[in-house]
$ cat run18.csv   # CSV, C-alpha atoms
chain,number,residue,atom,x,y,z
A,665,MET,CA,-31.9,30.7,18.3
A,666,GLU,CA,-29.8,30.1,21.3
A,667,CYS,CA,-29.8,26.3,20.7
A,668,GLU,CA,-28.8,26.7,17.1
A,669,GLU,CA,-25.9,28.9,18.1
A,670,SER,CA,-24.9,26.5,20.8
A,671,LEU,CA,-24.8,23.7,18.3
A,672,GLU,CA,-22.5,25.6,16.1
A,673,ARG,CA,-20.3,26.3,19.1
A,674,MET,CA,-20.3,22.7,20.1
A,675,MET,CA,-18.9,21.8,16.6
A,676,ARG,CA,-16.2,24.4,16.9
A,677,ALA,CA,-15.3,23.1,20.4
A,678,LEU,CA,-14.9,19.6,19.0
A,679,ASP,CA,-12.6,21.1,16.3
A,680,GLY,CA,-10.6,22.8,19.1
A,681,GLU,CA,-11.5,26.2,17.6
A,682,LEU,CA,-13.7,27.7,20.3
A,683,PRO,CA,-12.3,30.8,22.1
A,684,ASP,CA,-12.7,30.8,25.9
A,685,ARG,CA,-15.3,33.6,25.9
A,686,GLU,CA,-17.6,31.6,23.6
A,687,TRP,CA,-16.9,28.4,25.6
A,688,ARG,CA,-18.1,30.1,28.7
A,689,ALA,CA,-21.3,31.2,26.9
A,690,LEU,CA,-21.8,27.6,25.7
A,691,GLU,CA,-21.4,26.2,29.2
A,692,ALA,CA,-23.9,28.7,30.5
A,693,HIS,CA,-26.4,27.6,28.0
A,694,LEU,CA,-25.8,23.9,28.7
A,695,GLU,CA,-26.6,24.5,32.3
A,696,VAL,CA,-30.1,25.6,31.5
A,697,CYS,CA,-31.0,23.6,28.4
A,698,ASP,CA,-31.5,19.9,28.9
A,699,ARG,CA,-31.8,19.2,25.2
A,700,CYS,CA,-28.5,20.8,24.3
A,701,ARG,CA,-26.7,19.2,27.3
A,702,ALA,CA,-27.9,15.8,26.2
A,703,ARG,CA,-26.8,16.6,22.7
A,704,TRP,CA,-23.3,17.8,23.9
A,705,GLU,CA,-22.9,14.6,26.0
A,706,GLY,CA,-23.8,12.5,23.0
A,707,LEU,CA,-21.3,14.3,20.9
A,708,LEU,CA,-18.6,13.8,23.5
A,709,ALA,CA,-19.3,10.1,23.7
A,710,ALA,CA,-19.1,9.8,19.9
A,711,GLU,CA,-15.9,11.8,19.9
A,712,GLU,CA,-14.3,9.5,22.5
A,713,VAL,CA,-15.1,6.4,20.4
A,714,LEU,CA,-13.8,8.0,17.3
A,715,GLN,CA,-10.6,9.1,18.9
A,716,GLN,CA,-9.9,5.6,20.2
A,717,ALA,CA,-10.5,3.8,16.9
A,718,PRO,CA,-7.2,2.2,15.7
A,719,LEU,CA,-5.6,2.5,12.3
A,720,LEU,CA,-5.9,-0.9,10.7
A,721,SER,CA,-3.2,-2.5,8.6
A,722,PRO,CA,-3.7,-4.7,5.6
A,723,PRO,CA,-3.0,-8.4,5.9
A,724,PRO,CA,0.7,-9.4,5.5
A,725,GLY,CA,2.1,-9.6,2.0
A,726,PHE,CA,0.1,-6.7,0.7
A,727,VAL,CA,3.0,-4.8,-0.8
A,728,GLY,CA,4.1,-8.0,-2.7
A,729,ARG,CA,0.6,-8.5,-4.1
A,730,VAL,CA,0.3,-4.9,-5.2
A,731,MET,CA,3.7,-5.0,-7.0
A,732,ALA,CA,2.8,-8.3,-8.6
A,733,GLN,CA,-0.3,-6.6,-10.0
A,734,VAL,CA,1.7,-3.6,-11.1
A,735,ASP,CA,4.1,-5.9,-13.0
A,736,ARG,CA,1.2,-7.8,-14.6
A,737,ARG,CA,-0.4,-4.6,-15.8
A,738,ARG,CA,2.9,-3.3,-17.3
A,739,ALA,CA,3.4,-6.6,-19.1
A,740,ARG,CA,-0.1,-6.4,-20.5
A,741,GLN,CA,0.4,-2.8,-21.7
A,742,ARG,CA,3.7,-3.8,-23.3
A,743,ALA,CA,2.1,-6.8,-25.0
A,744,PHE,CA,-0.7,-4.7,-26.4
A,745,PHE,CA,1.7,-2.1,-27.8
A,746,GLY,CA,4.0,-4.9,-29.0
A,747,GLY,CA,1.1,-6.6,-30.7
A,748,LEU,CA,0.4,-3.4,-32.7
A,749,VAL,CA,4.1,-3.1,-33.7
A,750,LEU,CA,4.2,-6.8,-34.6
A,751,ALA,CA,1.2,-6.5,-36.9
A,752,ALA,CA,2.6,-3.4,-38.6
A,753,GLY,CA,6.0,-5.0,-39.0
A,754,THR,CA,4.6,-8.2,-40.4
A,755,ALA,CA,2.6,-6.4,-43.0
A,756,LEU,CA,5.7,-4.5,-44.0
A,757,VAL,CA,7.8,-7.8,-44.3
A,758,ILE,CA,5.1,-9.4,-46.5
A,759,LEU,CA,5.0,-6.3,-48.7
A,760,ILE,CA,8.8,-6.3,-49.2
A,761,SER,CA,8.7,-10.0,-49.9
A,762,ILE,CA,6.2,-9.9,-52.7
A,763,LEU,CA,7.5,-6.8,-54.4
A,764,PRO,CA,10.0,-8.6,-56.6
A,765,ILE,CA,7.2,-10.9,-57.8
A,766,LEU,CA,5.0,-7.9,-58.5
A,767,TRP,CA,7.9,-6.4,-60.4
A,768,ALA,CA,8.2,-9.5,-62.6
A,769,LEU,CA,4.5,-9.7,-63.4
A,770,PRO,CA,4.8,-7.9,-66.8
A,771,GLY,CA,6.8,-11.0,-68.0
A,772,LEU,CA,3.6,-13.0,-67.5
A,773,ALA,CA,1.8,-10.8,-70.0
A,774,GLY,CA,3.8,-12.4,-72.8
A,775,LEU,CA,2.3,-15.8,-71.8
A,776,ALA,CA,-1.2,-14.5,-72.7
A,777,VAL,CA,-0.1,-13.5,-76.2
A,778,VAL,CA,1.5,-16.9,-76.9
A,779,VAL,CA,-1.5,-18.8,-75.6
A,780,SER,CA,-4.0,-16.9,-77.8
A,781,HIS,CA,-1.6,-17.4,-80.8
A,782,SER,CA,-1.5,-21.1,-80.1
A,783,GLY,CA,-5.2,-21.1,-79.7
A,784,GLY,CA,-5.7,-19.6,-83.1
A,785,LEU,CA,-3.6,-22.3,-84.8
A,786,LEU,CA,-5.4,-25.1,-82.9
A,787,LEU,CA,-8.6,-24.2,-84.7
A,788,ASP,CA,-6.9,-24.6,-88.1
A,789,HIS,CA,-4.6,-27.6,-87.6
A,790,LEU,CA,-5.7,-29.7,-84.5
A,791,VAL,CA,-3.0,-32.2,-84.1
A,792,GLY,CA,-0.1,-30.2,-85.4
A,793,ALA,CA,-1.2,-27.2,-83.5
A,794,ALA,CA,-1.5,-29.2,-80.3
A,795,ARG,CA,2.1,-30.3,-80.6
A,796,LEU,CA,3.2,-26.7,-81.4
A,797,LEU,CA,1.3,-25.5,-78.4
A,798,LEU,CA,2.9,-27.9,-76.1
A,799,ASN,CA,6.4,-27.0,-77.5
A,800,SER,CA,5.7,-23.3,-77.1
A,801,LEU,CA,4.5,-23.7,-73.6
A,802,GLY,CA,7.5,-25.8,-72.7
A,803,LEU,CA,9.8,-23.1,-74.0
A,804,LEU,CA,7.9,-20.3,-72.3
A,805,ALA,CA,7.8,-22.2,-69.0
A,806,GLY,CA,11.6,-22.7,-69.2
A,807,ALA,CA,12.1,-19.1,-70.0
A,808,LEU,CA,9.9,-17.9,-67.2
A,809,LEU,CA,11.5,-20.3,-64.7
A,810,VAL,CA,14.9,-19.1,-65.7
A,811,GLN,CA,13.8,-15.6,-65.2
A,812,MET,CA,11.5,-16.0,-62.2
A,813,LEU,CA,13.2,-18.6,-60.1
A,814,PRO,CA,16.0,-16.5,-59.0
A,815,LEU,CA,13.6,-13.7,-58.2
A,816,ALA,CA,11.3,-16.0,-56.3
A,817,LEU,CA,14.2,-17.5,-54.4
A,818,CYS,CA,15.6,-14.0,-53.6
A,819,SER,CA,12.3,-12.7,-52.2
A,820,LEU,CA,11.7,-15.9,-50.2
A,821,MET,CA,15.2,-15.6,-48.6
A,822,THR,CA,14.6,-11.9,-47.9
A,823,ALA,CA,11.3,-12.7,-46.3
A,824,MET,CA,12.9,-15.3,-44.1
A,825,LEU,CA,15.8,-13.1,-43.1
A,826,LEU,CA,13.5,-10.2,-42.3
A,827,ALA,CA,11.1,-12.4,-40.3
A,828,GLY,CA,14.1,-13.8,-38.4
A,829,LEU,CA,15.4,-10.4,-37.6
A,830,TRP,CA,12.0,-9.2,-36.6
A,831,TRP,CA,11.4,-12.1,-34.3
A,832,GLY,CA,14.8,-11.6,-32.7
A,833,LEU,CA,14.0,-7.9,-32.1
A,834,LEU,CA,10.7,-8.7,-30.5
A,835,ARG,CA,12.2,-11.3,-28.2
A,836,ARG,CA,14.8,-8.7,-27.3
A,837,TRP,CA,12.1,-6.3,-26.3
A,838,GLN,CA,10.4,-9.0,-24.3
A,839,VAL,CA,7.2,-8.5,-26.2
A,840,VAL,CA,6.9,-12.1,-27.2
A,841,ALA,CA,7.0,-14.6,-24.4
A,842,THR,CA,9.9,-17.1,-24.6
B,11,MET,CA,17.2,6.9,5.3
B,12,MET,CA,13.7,7.9,4.4
B,13,ASP,CA,13.3,10.5,1.7
B,14,GLU,CA,9.8,10.3,0.3
B,15,ALA,CA,10.4,12.9,-2.3
B,16,THR,CA,13.3,11.0,-3.8
B,17,TRP,CA,11.3,7.8,-3.9
B,18,ILE,CA,8.5,9.6,-5.7
B,19,GLN,CA,10.9,11.0,-8.3
B,20,GLN,CA,12.5,7.6,-8.8
B,21,ALA,CA,9.2,5.9,-9.1
B,22,GLN,CA,8.1,8.5,-11.7
B,23,HIS,CA,11.2,7.4,-13.7
B,24,GLY,CA,10.1,3.8,-13.5
B,25,ASP,CA,12.0,2.6,-10.4
B,26,MET,CA,9.9,-0.3,-9.2
B,27,ASP,CA,11.7,-0.6,-5.9
B,28,ALA,CA,11.1,3.0,-5.1
B,29,PHE,CA,7.4,2.6,-5.8
B,30,ALA,CA,7.3,-0.6,-3.6
B,31,ARG,CA,8.7,1.6,-0.8
B,32,LEU,CA,6.0,4.1,-1.2
B,33,VAL,CA,3.4,1.3,-1.2
B,34,SER,CA,4.9,0.0,2.1
B,35,LEU,CA,4.9,3.5,3.6
B,36,TYR,CA,1.2,4.2,2.8
B,37,GLN,CA,-0.3,0.7,2.9
B,38,ALA,CA,-1.9,1.3,6.3
B,39,PRO,CA,-3.5,4.7,5.7
B,40,VAL,CA,-4.9,3.6,2.4
B,41,TYR,CA,-6.2,0.3,3.6
B,42,ASN,CA,-7.7,1.8,6.7
B,43,LEU,CA,-9.5,4.4,4.7
B,44,ALA,CA,-10.9,1.7,2.4
B,45,TYR,CA,-11.9,-0.5,5.3
B,46,ARG,CA,-13.6,2.3,7.2
B,47,MET,CA,-15.5,3.2,4.0
B,48,LEU,CA,-16.4,-0.2,2.7
B,49,GLY,CA,-16.7,-2.2,5.9
B,50,GLU,CA,-15.3,-5.5,4.5
B,51,ARG,CA,-11.7,-6.6,4.7
B,52,MET,CA,-11.4,-8.3,1.3
B,53,GLU,CA,-13.2,-5.5,-0.5
B,54,ALA,CA,-10.9,-3.0,1.4
B,55,GLU,CA,-7.8,-4.8,0.3
B,56,ASP,CA,-9.0,-4.9,-3.3
B,57,ALA,CA,-9.8,-1.2,-3.1
B,58,ALA,CA,-6.4,-0.4,-1.6
B,59,GLN,CA,-4.7,-2.4,-4.3
B,60,GLU,CA,-6.6,-0.6,-7.0
B,61,THR,CA,-5.7,2.7,-5.4
B,62,PHE,CA,-2.0,2.0,-5.7
B,63,LEU,CA,-2.4,0.7,-9.2
B,64,ARG,CA,-4.1,3.9,-10.2
B,65,ALA,CA,-1.5,5.9,-8.4
B,66,PHE,CA,1.2,4.1,-10.4
B,67,ARG,CA,-0.6,4.7,-13.7
B,68,ASN,CA,-1.0,8.4,-12.9
B,69,LEU,CA,2.4,9.1,-11.2
B,70,GLY,CA,3.3,11.3,-14.1
B,71,ARG,CA,0.5,13.6,-13.2
B,72,TYR,CA,1.3,13.9,-9.5
B,73,ASP,CA,2.0,17.5,-8.6
B,74,HIS,CA,5.0,17.8,-6.3
B,75,THR,CA,3.6,20.9,-4.6
B,76,ARG,CA,0.8,18.9,-3.1
B,77,PRO,CA,1.5,16.4,-0.3
B,78,PHE,CA,1.7,12.9,-1.6
B,79,ARG,CA,-0.6,11.6,1.2
B,80,THR,CA,-3.3,14.0,0.1
B,81,TRP,CA,-3.1,12.9,-3.5
B,82,LEU,CA,-3.1,9.2,-2.6
B,83,LEU,CA,-6.0,9.5,-0.1
B,84,SER,CA,-7.9,11.4,-2.8
B,85,ILE,CA,-7.6,8.5,-5.2
B,86,ALA,CA,-8.6,6.1,-2.5
B,87,ALA,CA,-11.6,8.2,-1.3
B,88,HIS,CA,-13.0,8.7,-4.8
B,89,TYR,CA,-12.6,5.0,-5.7
B,90,CYS,CA,-14.3,3.9,-2.5
B,91,VAL,CA,-17.2,6.4,-3.0
B,92,ASP,CA,-17.6,4.9,-6.5
B,93,CYS,CA,-17.6,1.4,-5.0
B,94,ILE,CA,-20.3,2.3,-2.5
B,95,ARG,CA,-22.5,3.9,-5.2
B,96,ARG,CA,-22.3,0.8,-7.3
B,97,ARG,CA,-23.5,-1.4,-4.5
B,98,ARG,CA,-27.0,-2.3,-3.4
B,99,PRO,CA,-28.4,0.8,-1.6
B,100,VAL,CA,-28.8,-0.6,1.9
B,101,LEU,CA,-26.1,-2.4,3.8
B,102,ALA,CA,-27.7,-4.5,6.4
B,103,LEU,CA,-26.2,-3.7,9.8
B,104,ASP,CA,-26.3,-7.4,10.9
B,105,ASP,CA,-23.8,-8.4,8.2
B,106,GLU,CA,-21.0,-6.7,10.0
B,107,LEU,CA,-21.7,-8.0,13.5
B,108,THR,CA,-19.8,-11.3,13.3
B,109,PRO,CA,-16.0,-11.2,13.6
B,110,GLU,CA,-14.4,-12.3,10.3
B,111,GLY,CA,-12.1,-15.3,10.8
B,112,VAL,CA,-10.9,-14.0,14.1
B,113,SER,CA,-10.2,-16.6,16.7
B,114,MET,CA,-9.9,-15.2,20.1
B,115,ASP,CA,-10.8,-16.0,23.7
B,116,PRO,CA,-14.2,-14.7,24.9
B,117,GLY,CA,-14.2,-12.0,27.5
B,118,ASP,CA,-11.9,-9.0,27.3
B,119,ALA,CA,-10.5,-9.7,23.9
B,120,PHE,CA,-14.0,-9.9,22.4
B,121,ALA,CA,-15.2,-6.9,24.3
B,122,ALA,CA,-12.3,-4.9,23.0
B,123,TRP,CA,-12.9,-6.1,19.5
B,124,GLU,CA,-16.6,-5.3,19.8
B,125,ALA,CA,-15.9,-1.8,21.0
B,126,ARG,CA,-13.6,-1.2,18.1
B,127,GLU,CA,-16.0,-2.7,15.6
B,128,ARG,CA,-18.9,-0.7,17.0
B,129,ILE,CA,-17.6,2.5,15.4
B,130,GLN,CA,-17.3,0.6,12.1
B,131,GLN,CA,-20.9,-0.5,12.3
B,132,LEU,CA,-22.0,3.0,12.9
B,133,LEU,CA,-19.8,4.4,10.2
B,134,LEU,CA,-21.4,2.1,7.7
B,135,ARG,CA,-24.8,3.6,8.4
B,136,LEU,CA,-23.6,7.0,7.2
B,137,PRO,CA,-23.7,8.0,3.5
B,138,ALA,CA,-20.5,7.5,1.6
B,139,GLU,CA,-19.2,11.0,1.5
B,140,ASP,CA,-20.0,11.5,5.2
B,141,ARG,CA,-18.1,8.3,5.9
B,142,ALA,CA,-15.1,9.7,4.0
B,143,VAL,CA,-15.1,12.9,6.0
B,144,VAL,CA,-15.3,11.2,9.4
B,145,THR,CA,-12.5,8.8,8.5
B,146,LEU,CA,-10.3,11.5,7.2
B,147,ARG,CA,-10.8,13.7,10.2
B,148,TYR,CA,-10.4,11.1,13.0
B,149,TRP,CA,-7.9,8.7,11.5
B,150,TYR,CA,-5.8,11.1,9.5
B,151,ASP,CA,-6.2,14.4,11.4
B,152,CYS,CA,-6.9,16.1,8.2
B,153,SER,CA,-7.7,19.8,8.2
B,154,TYR,CA,-10.8,21.0,6.6
B,155,GLU,CA,-8.7,22.4,3.7
B,156,GLU,CA,-7.0,19.1,3.2
B,157,MET,CA,-10.3,17.2,3.3
B,158,ALA,CA,-11.8,19.6,0.7
B,159,GLN,CA,-8.8,18.9,-1.5
B,160,ILE,CA,-9.0,15.2,-1.1
B,161,LEU,CA,-12.7,15.0,-1.8
B,162,GLY,CA,-12.7,17.7,-4.5
B,163,THR,CA,-15.2,19.9,-2.8
B,164,THR,CA,-15.4,23.1,-0.7
B,165,VAL,CA,-14.4,23.6,2.9
B,166,SER,CA,-18.0,24.6,3.9
B,167,ALA,CA,-19.3,21.4,2.3
B,168,VAL,CA,-16.9,19.3,4.3
B,169,LYS,CA,-17.7,21.2,7.5
B,170,SER,CA,-21.5,20.6,7.1
B,171,ARG,CA,-20.9,17.0,6.3
B,172,LEU,CA,-18.7,16.5,9.4
B,173,HIS,CA,-21.2,18.3,11.6
B,174,ARG,CA,-24.1,16.2,10.3
B,175,ALA,CA,-22.1,13.0,10.7
B,176,ARG,CA,-21.1,13.8,14.3
B,177,LEU,CA,-24.7,14.4,15.2
B,178,ALA,CA,-25.8,11.2,13.4
B,179,LEU,CA,-23.1,9.2,15.2
B,180,ALA,CA,-24.0,10.6,18.5
B,181,ARG,CA,-27.6,9.8,18.0
B,182,MET,CA,-26.8,6.2,16.9
B,183,LEU,CA,-24.5,5.7,19.8
B,184,GLY,CA,-27.3,6.9,22.1
B,185,GLU,CA,-29.7,4.5,20.5
B,186,ALA,CA,-27.3,1.6,20.8
B,187,GLY,CA,-26.7,2.4,24.4
B,188,SER,CA,-30.3,2.5,25.3
B,189,MET,CA,-30.8,-1.0,23.9
B,190,GLU,CA,-28.1,-2.6,26.1
$ encode --input "run18.csv" --output "structure tokens"
Amino acid sequence: MECEESLERMMRALDGELPDREWRALEAHLEVCDRCRARWEGLLAAEEVLQQAPLLSPPPGFVGRVMAQVDRRRARQRAFFGGLVLAAGTALVILISILPILWALPGLAGLAVVVSHSGGLLLDHLVGAARLLLNSLGLLAGALLVQMLPLALCSLMTAMLLAGLWWGLLRRWQVVAT
Amino acid sequence: MMDEATWIQQAQHGDMDAFARLVSLYQAPVYNLAYRMLGERMEAEDAAQETFLRAFRNLGRYDHTRPFRTWLLSIAAHYCVDCIRRRRPVLALDDELTPEGVSMDPGDAFAAWEARERIQQLLLRLPAEDRAVVTLRYWYDCSYEEMAQILGTTVSAVKSRLHRARLALARMLGEAGSME
């Protein structure tokens, strides 16, 4: 019981929290108990070694290396976020580009009617029908091209303009490496 | 003029120079803790680097009412304990006996180094959490409350760890002494 209490007192003494009265009680016990005295001396020896141990510093250039890592991680985060934005924006650009074409699709439905009509005539009059078919297709192609070419050109130009703007923006935000 | 609180605020707003100043200010305490706990210089530097990276990432969550040192050492201590847990269970004592790339004259310099490194060898024989407590107490003069905060545990838990560690270190020193 006495030894256990002494041990607790030793710890508090090492912490600098042992009042004088208790310190005297501890000293009294240490005089008569070899085991506790040996223990106390061991603790003091360890305490001395611990108190003398130096605070080590990292090798030179540590701060530089840490900051380089910080910059790298930030760049990686930006690239990831930028990648997401790039994907979303590209999808949007593509959608805007093909919209005019989608809008012109009903015009193509007329082509199906003409083809089936020509096909019916072909069964009746082979040679004449073939010539008629070719003429009809020629006319239709011309009509479609006249209608569709401007639209196709428009959407292509829009797509290129938008892509160019988008690329410029991303470069500005330093998401895409130069 | 040193104003840590200003640097912290600036760093929280993305000022890299301010953060670099904080790294410079705390590089020794963080590295020392890592070295005392991990026992190997390269590993300690990696751990110290990772500590600052995590600190940077979580700067927004730093609570100004707590001391910055406490917060930083907490990150370091937790990371080092994780590192130790992920290792093989027993670290052979012999691994740490040779000086690492240190060229010095034999005699006094070596004896001084050896005395310094002896405590490190003994530290490495303690379990991870006990190592943390001893390091925080003797290198950073942390109070029991601060240690409890840093390690995320109670004051009584920290006290019993330190007491146990002191006894273990005393015993190990005694064994080492009897072998000389």
$ interface_residues --input "run18.csv" --of "chain B" --to "chain A" --cutoff "8 Å" --atoms "all atoms listed in the file" --output "list in words"
Ala30, Val33, Ser34, Gln37, Ala38, Pro39, Tyr41, Asn42, Glu55, Gln59, Phe62, Leu63, Phe66, Arg126, Ile129, Tyr148, Trp149, His173, Arg176, Leu177, Leu179, Ala180, Arg181, Leu183 and Gly184 of chain B
$ residues_around --input "run18.csv" --residues "Gly828 of chain A" --least-positions-apart "5" --cutoff "12 Å" --atoms "all atoms listed in the file" --output "NGL selection string"
:A and (753-754 or 757 or 821-823 or 833-835)
$ atom_distance --input "run18.csv" --atom1 "atom CA of Met26 of chain B" --atom2 "atom CA of Gly747 of chain A"
24.1 Å
$ residues_around --input "run18.csv" --residues "segment 760-767 of chain A" --least-positions-apart "3" --cutoff "10 Å" --atoms "all atoms listed in the file" --output "JSON, numbers by chain"
{"A": [754, 755, 756, 757, 770, 771, 812, 815, 816, 818, 819, 820, 821, 822, 823, 824, 826]}
$ write_last_selection --input "run18.csv" --atoms "C-alpha atoms" --output "PDB file, keeping the file's coordinate frame"
ATOM      1  CA  THR A 754       4.600  -8.200 -40.400  1.00  0.00           C
ATOM      2  CA  ALA A 755       2.600  -6.400 -43.000  1.00  0.00           C
ATOM      3  CA  LEU A 756       5.700  -4.500 -44.000  1.00  0.00           C
ATOM      4  CA  VAL A 757       7.800  -7.800 -44.300  1.00  0.00           C
ATOM      5  CA  PRO A 770       4.800  -7.900 -66.800  1.00  0.00           C
ATOM      6  CA  GLY A 771       6.800 -11.000 -68.000  1.00  0.00           C
ATOM      7  CA  MET A 812      11.500 -16.000 -62.200  1.00  0.00           C
ATOM      8  CA  LEU A 815      13.600 -13.700 -58.200  1.00  0.00           C
ATOM      9  CA  ALA A 816      11.300 -16.000 -56.300  1.00  0.00           C
ATOM     10  CA  CYS A 818      15.600 -14.000 -53.600  1.00  0.00           C
ATOM     11  CA  SER A 819      12.300 -12.700 -52.200  1.00  0.00           C
ATOM     12  CA  LEU A 820      11.700 -15.900 -50.200  1.00  0.00           C
ATOM     13  CA  MET A 821      15.200 -15.600 -48.600  1.00  0.00           C
ATOM     14  CA  THR A 822      14.600 -11.900 -47.900  1.00  0.00           C
ATOM     15  CA  ALA A 823      11.300 -12.700 -46.300  1.00  0.00           C
ATOM     16  CA  MET A 824      12.900 -15.300 -44.100  1.00  0.00           C
ATOM     17  CA  LEU A 826      13.500 -10.200 -42.300  1.00  0.00           C
TER      18      LEU A 826
END
$ atom_distance --input "run18.csv" --atom1 "atom CA of Ala138 of chain B" --atom2 "atom CA of Glu681 of chain A"
26.2 Å
$ atom_distance --input "run18.csv" --atom1 "atom CA of Ala65 of chain B" --atom2 "atom CA of Ala86 of chain B"
9.2 Å
$ closest_residue --input "run18.csv" --among "B:Asp73, B:Thr61, B:Leu48, B:Ala175" --to "Arg97 of chain B" --atoms "all atoms listed in the file"
B:Leu48
$ closest_residue --input "run18.csv" --among "A:His693, A:Arg736, A:Arg685, A:His781" --to "Leu801 of chain A" --atoms "only C-alpha atoms"
A:His781
$ closest_residue --input "run18.csv" --among "A:Leu694, A:Leu798, A:Gly680, A:Gly806" --to "Glu666 of chain A" --atoms "all atoms listed in the file"
A:Leu694
$ residues_around --input "run18.csv" --residues "Arg147 of chain B" --least-positions-apart "3" --cutoff "10 Å" --atoms "all atoms listed in the file" --output "list in words"
Asp679, Leu714 and Gln715 of chain A; Ala142, Val143, Val144, Tyr150, Asp151, Cys152, Ser153, Tyr154, Glu156, Met157 and Leu172 of chain B
$ closest_residue --input "run18.csv" --among "B:Ile160, B:Leu82, B:Ala178, B:Leu69" --to "Leu35 of chain B" --atoms "all atoms listed in the file"
B:Leu82
$ closest_residue --input "run18.csv" --among "A:Ala739, A:Cys700, A:Val778, A:Val749" --to "Leu803 of chain A" --atoms "only C-alpha atoms"
A:Val778
$ residues_near_point --input "run18.csv" --point "(-11.2, -3.8, -0.1)" --cutoff "7 Å" --atoms "only C-alpha atoms" --output "list of chain:residue names"
B:Ala44, B:Tyr45, B:Leu48, B:Glu50, B:Arg51, B:Met52, B:Glu53, B:Ala54, B:Glu55, B:Asp56, B:Ala57, B:Ala58
